[in-house]
Amino acid sequence: MIARRLFSSDRRIAVTIATLLAAAVIVPVLNLAVPAESAFHVPSYVVALVGKYLCYALLALALDLVWGYCGILSLGHGAFFALGGYAMGMYLMRQIGARGVYGNPDLPDFMVFLNWKELPWYWLGFDHFWFAALMVMAVPGLLAFVFGWFAFRSRVTGVYLSIITQAMTYALLLAFFRNDMGFGGNNGLTDFKDILGFSVQATETRSALFAASAVALALGVLVTWLVVGSKYGKLLMAVRDAESRARFLGWRTENVKLFAFTLSAMMAGIAGALYVPQVGIINPGEFVPANSIEVVIWTAVGGRGTIVGPIVGAIAVNAAKSWFTGALPELWLFALGGLFIASTLFLPRGIVGLWDRWQQMRATRAVPAEGKAAARTEPQPAE
């Protein structure tokens with residue numbers, strides 16, 4: 001029923017989901033089954049790089065849910081991404097066991113180095129994948145719920161809300177930098193060995209992580225589309241466009257925003273969890289406020305409030321970043337700033353909005369042409 005509704009109502013969303021699911025199958029096959037000398041072979045470094053882009057795309061989609069459809073400009077979504085990454089990193093650290101530098105089966109190497117005597121209570125349970133997967137969503141979701149509960153009920157909106165989300169991210173950055181927090185301090189968590197019993201360095205594992213990222217992004221698109229297309233989604237956009245009027249009509253707008261903010265944080269946490277085993281490290285640098293601002297740029301460039309736009313923006317901007325940092329590293333930040341200014345001034349609906357405008361202009365030009373053709377073929381009345 002959902003599939004029928006999807007293909008009949010929004011072809012763009014259906015094509016996006018189908019493309020992601022196809023990539024989840026085709027790319028690993030081209031990487032593992034096709035010989036390296038073949039033109040159709042996908043190198044392992046490309047699989048890892050694009051897999052990272054897909055995680056970024058899921059993060060941008062999470063931001064689009066609250067910014068594009070609820071009007072909440074969050075400058076702290078990098079915090080939820082990093083918390084999900086740390087939850088996965090803690091599981092990966094527990095899988096190292098006695099294979100670490102110090103050979104301690106219970107404590108990670110950094111704890112042995114810092115003379116920790118026992119594992120902190122908040123590390124308990126992370127030797128099980130199911131517990132780590134639960135924490136990947138629960139920790140960011142709980143933080144977003146508590147933060148949103150106080151912020152939305154205090155009716156903090158606009159630039160003030162954006163500032164305190166950035167302050168939250170910076171506070172977490174300072175906390176995770178401390179060695180006594182038990183998260184590796186400045187160095188973070190790294191030197192991962194296994195995930196679910198498979199080596200994280202193996203080509204097969206990297207292909208599987210790519211497939212998991214593509215499937216997660218497809219599910220994220222589907223969930224966002226279902227939320228936006230529901231009655232709740234209409235209420236969400238009503239709060240975005242006229243919150244005071246929605247409140248006057250009797251709706252508890254703080255609850256509307258709280259649900260979207262919490263769901264968005266959980267999606268960002270999943271993106272962070274898929275990101276960490278693919279890059280091999282998670283450290284406090286992921287909390288840097290500049291990272292959250294970059295997510296805003298991806299969403300704006302692709303087109304906020306379009307679902308597909310943030311995905312396009314995240315992949316396009318990060319692909320450009322990979323090229324610039326290799327060819328012209330000193331110019332990347334200038335190019336990023338210029339791109340954001342240009343998209344704000346000339347492309348307020350982003351790349352997807354530009355495409356939609358071009359399609360509308362094309363359709364408008366086609367209508368008069370069809371009318372003239374019909375007039376020429378219309379039989380003339382007999383004299």
# chains A, B, ... in the order shown; residues from 1 in each chain; ligands from 1

call {"tool": "select_by_dssp", "arguments": {"residues": "segment 135-342 of chain A", "states": "alpha helix (DSSP H)", "output": "PyMOL selection string"}}
result
chain A and resi 135-153+158-177+203-229+231-248+253-279+289-302+308-327+332-342

call {"tool": "closest_atom_pairs", "arguments": {"of": "segment 299-330 of chain A", "to": "segment 47-66 of chain A", "cutoff": "7 Å", "atoms": "only C-alpha atoms", "output": "Markdown table"}}
result
| residue | atom | partner | partner_atom | distance |
| --- | --- | --- | --- | --- |
| A:Thr299 | CA | A:Ala60 | CA | 5.8 |
| A:Arg304 | CA | A:Asp64 | CA | 5.8 |
| A:Gly305 | CA | A:Asp64 | CA | 6.2 |
| A:Ile307 | CA | A:Leu61 | CA | 6.4 |
| A:Pro310 | CA | A:Ala60 | CA | 5.3 |
| A:Ile311 | CA | A:Ala57 | CA | 4.6 |
| A:Ala314 | CA | A:Ala57 | CA | 5.1 |
| A:Ile315 | CA | A:Tyr53 | CA | 5.5 |
| A:Asn318 | CA | A:Tyr53 | CA | 6.8 |

call {"tool": "atom_distance", "arguments": {"atom1": "atom CA of Asn283 of chain A", "atom2": "atom CA of Gly84 of chain A"}}
result
12.0 Å

call {"tool": "residues_around", "arguments": {"residues": "segment 345-361 of chain A", "least_positions_apart": "4", "cutoff": "6 Å", "atoms": "only C-alpha atoms", "output": "number ranges by chain"}}
result
A: 300-303, 309

call {"tool": "residues_around", "arguments": {"residues": "Thr190 of chain A", "least_positions_apart": "6", "cutoff": "8 Å", "atoms": "only C-alpha atoms", "output": "list in words"}}
result
Gly89, Met93, Gly280, Ile281 and Ile282 of chain A

call {"tool": "write_last_selection", "arguments": {"atoms": "N, CA and C atoms", "output": "PDB file, in the first residue's frame"}}
result
ATOM      1  N   GLY A  89      31.446   3.845  18.523  1.00  0.00           N
ATOM      2  CA  GLY A  89      32.859   3.731  18.833  1.00  0.00           C
ATOM      3  C   GLY A  89      33.105   2.971  20.132  1.00  0.00           C
ATOM      4  N   MET A  93      35.358  -0.331  20.476  1.00  0.00           N
ATOM      5  CA  MET A  93      36.470  -0.407  21.416  1.00  0.00           C
ATOM      6  C   MET A  93      36.356  -1.643  22.307  1.00  0.00           C
ATOM      7  N   GLY A 280      37.042   5.040  10.766  1.00  0.00           N
ATOM      8  CA  GLY A 280      37.983   4.437  11.703  1.00  0.00           C
ATOM      9  C   GLY A 280      38.329   5.254  12.928  1.00  0.00           C
ATOM     10  N   ILE A 281      37.602   6.337  13.180  1.00  0.00           N
ATOM     11  CA  ILE A 281      37.916   7.161  14.344  1.00  0.00           C
ATOM     12  C   ILE A 281      36.719   8.030  14.682  1.00  0.00           C
ATOM     13  N   ILE A 282      36.603   8.371  15.970  1.00  0.00           N
ATOM     14  CA  ILE A 282      35.653   9.366  16.427  1.00  0.00           C
ATOM     15  C   ILE A 282      36.328  10.146  17.546  1.00  0.00           C
TER      16      ILE A 282
END

call {"tool": "select_by_dssp", "arguments": {"residues": "segment 122-231 of chain A", "states": "strand (DSSP E)", "output": "list in words"}}
result
Leu189, Thr190, Asp194, Ile195, Phe198 and Ser199 of chain A

call {"tool": "closest_residue", "arguments": {"among": "A:Ala151, A:Ala290, A:Val139, A:Ala18", "to": "Leu219 of chain A", "atoms": "only C-alpha atoms"}}
result
A:Ala18
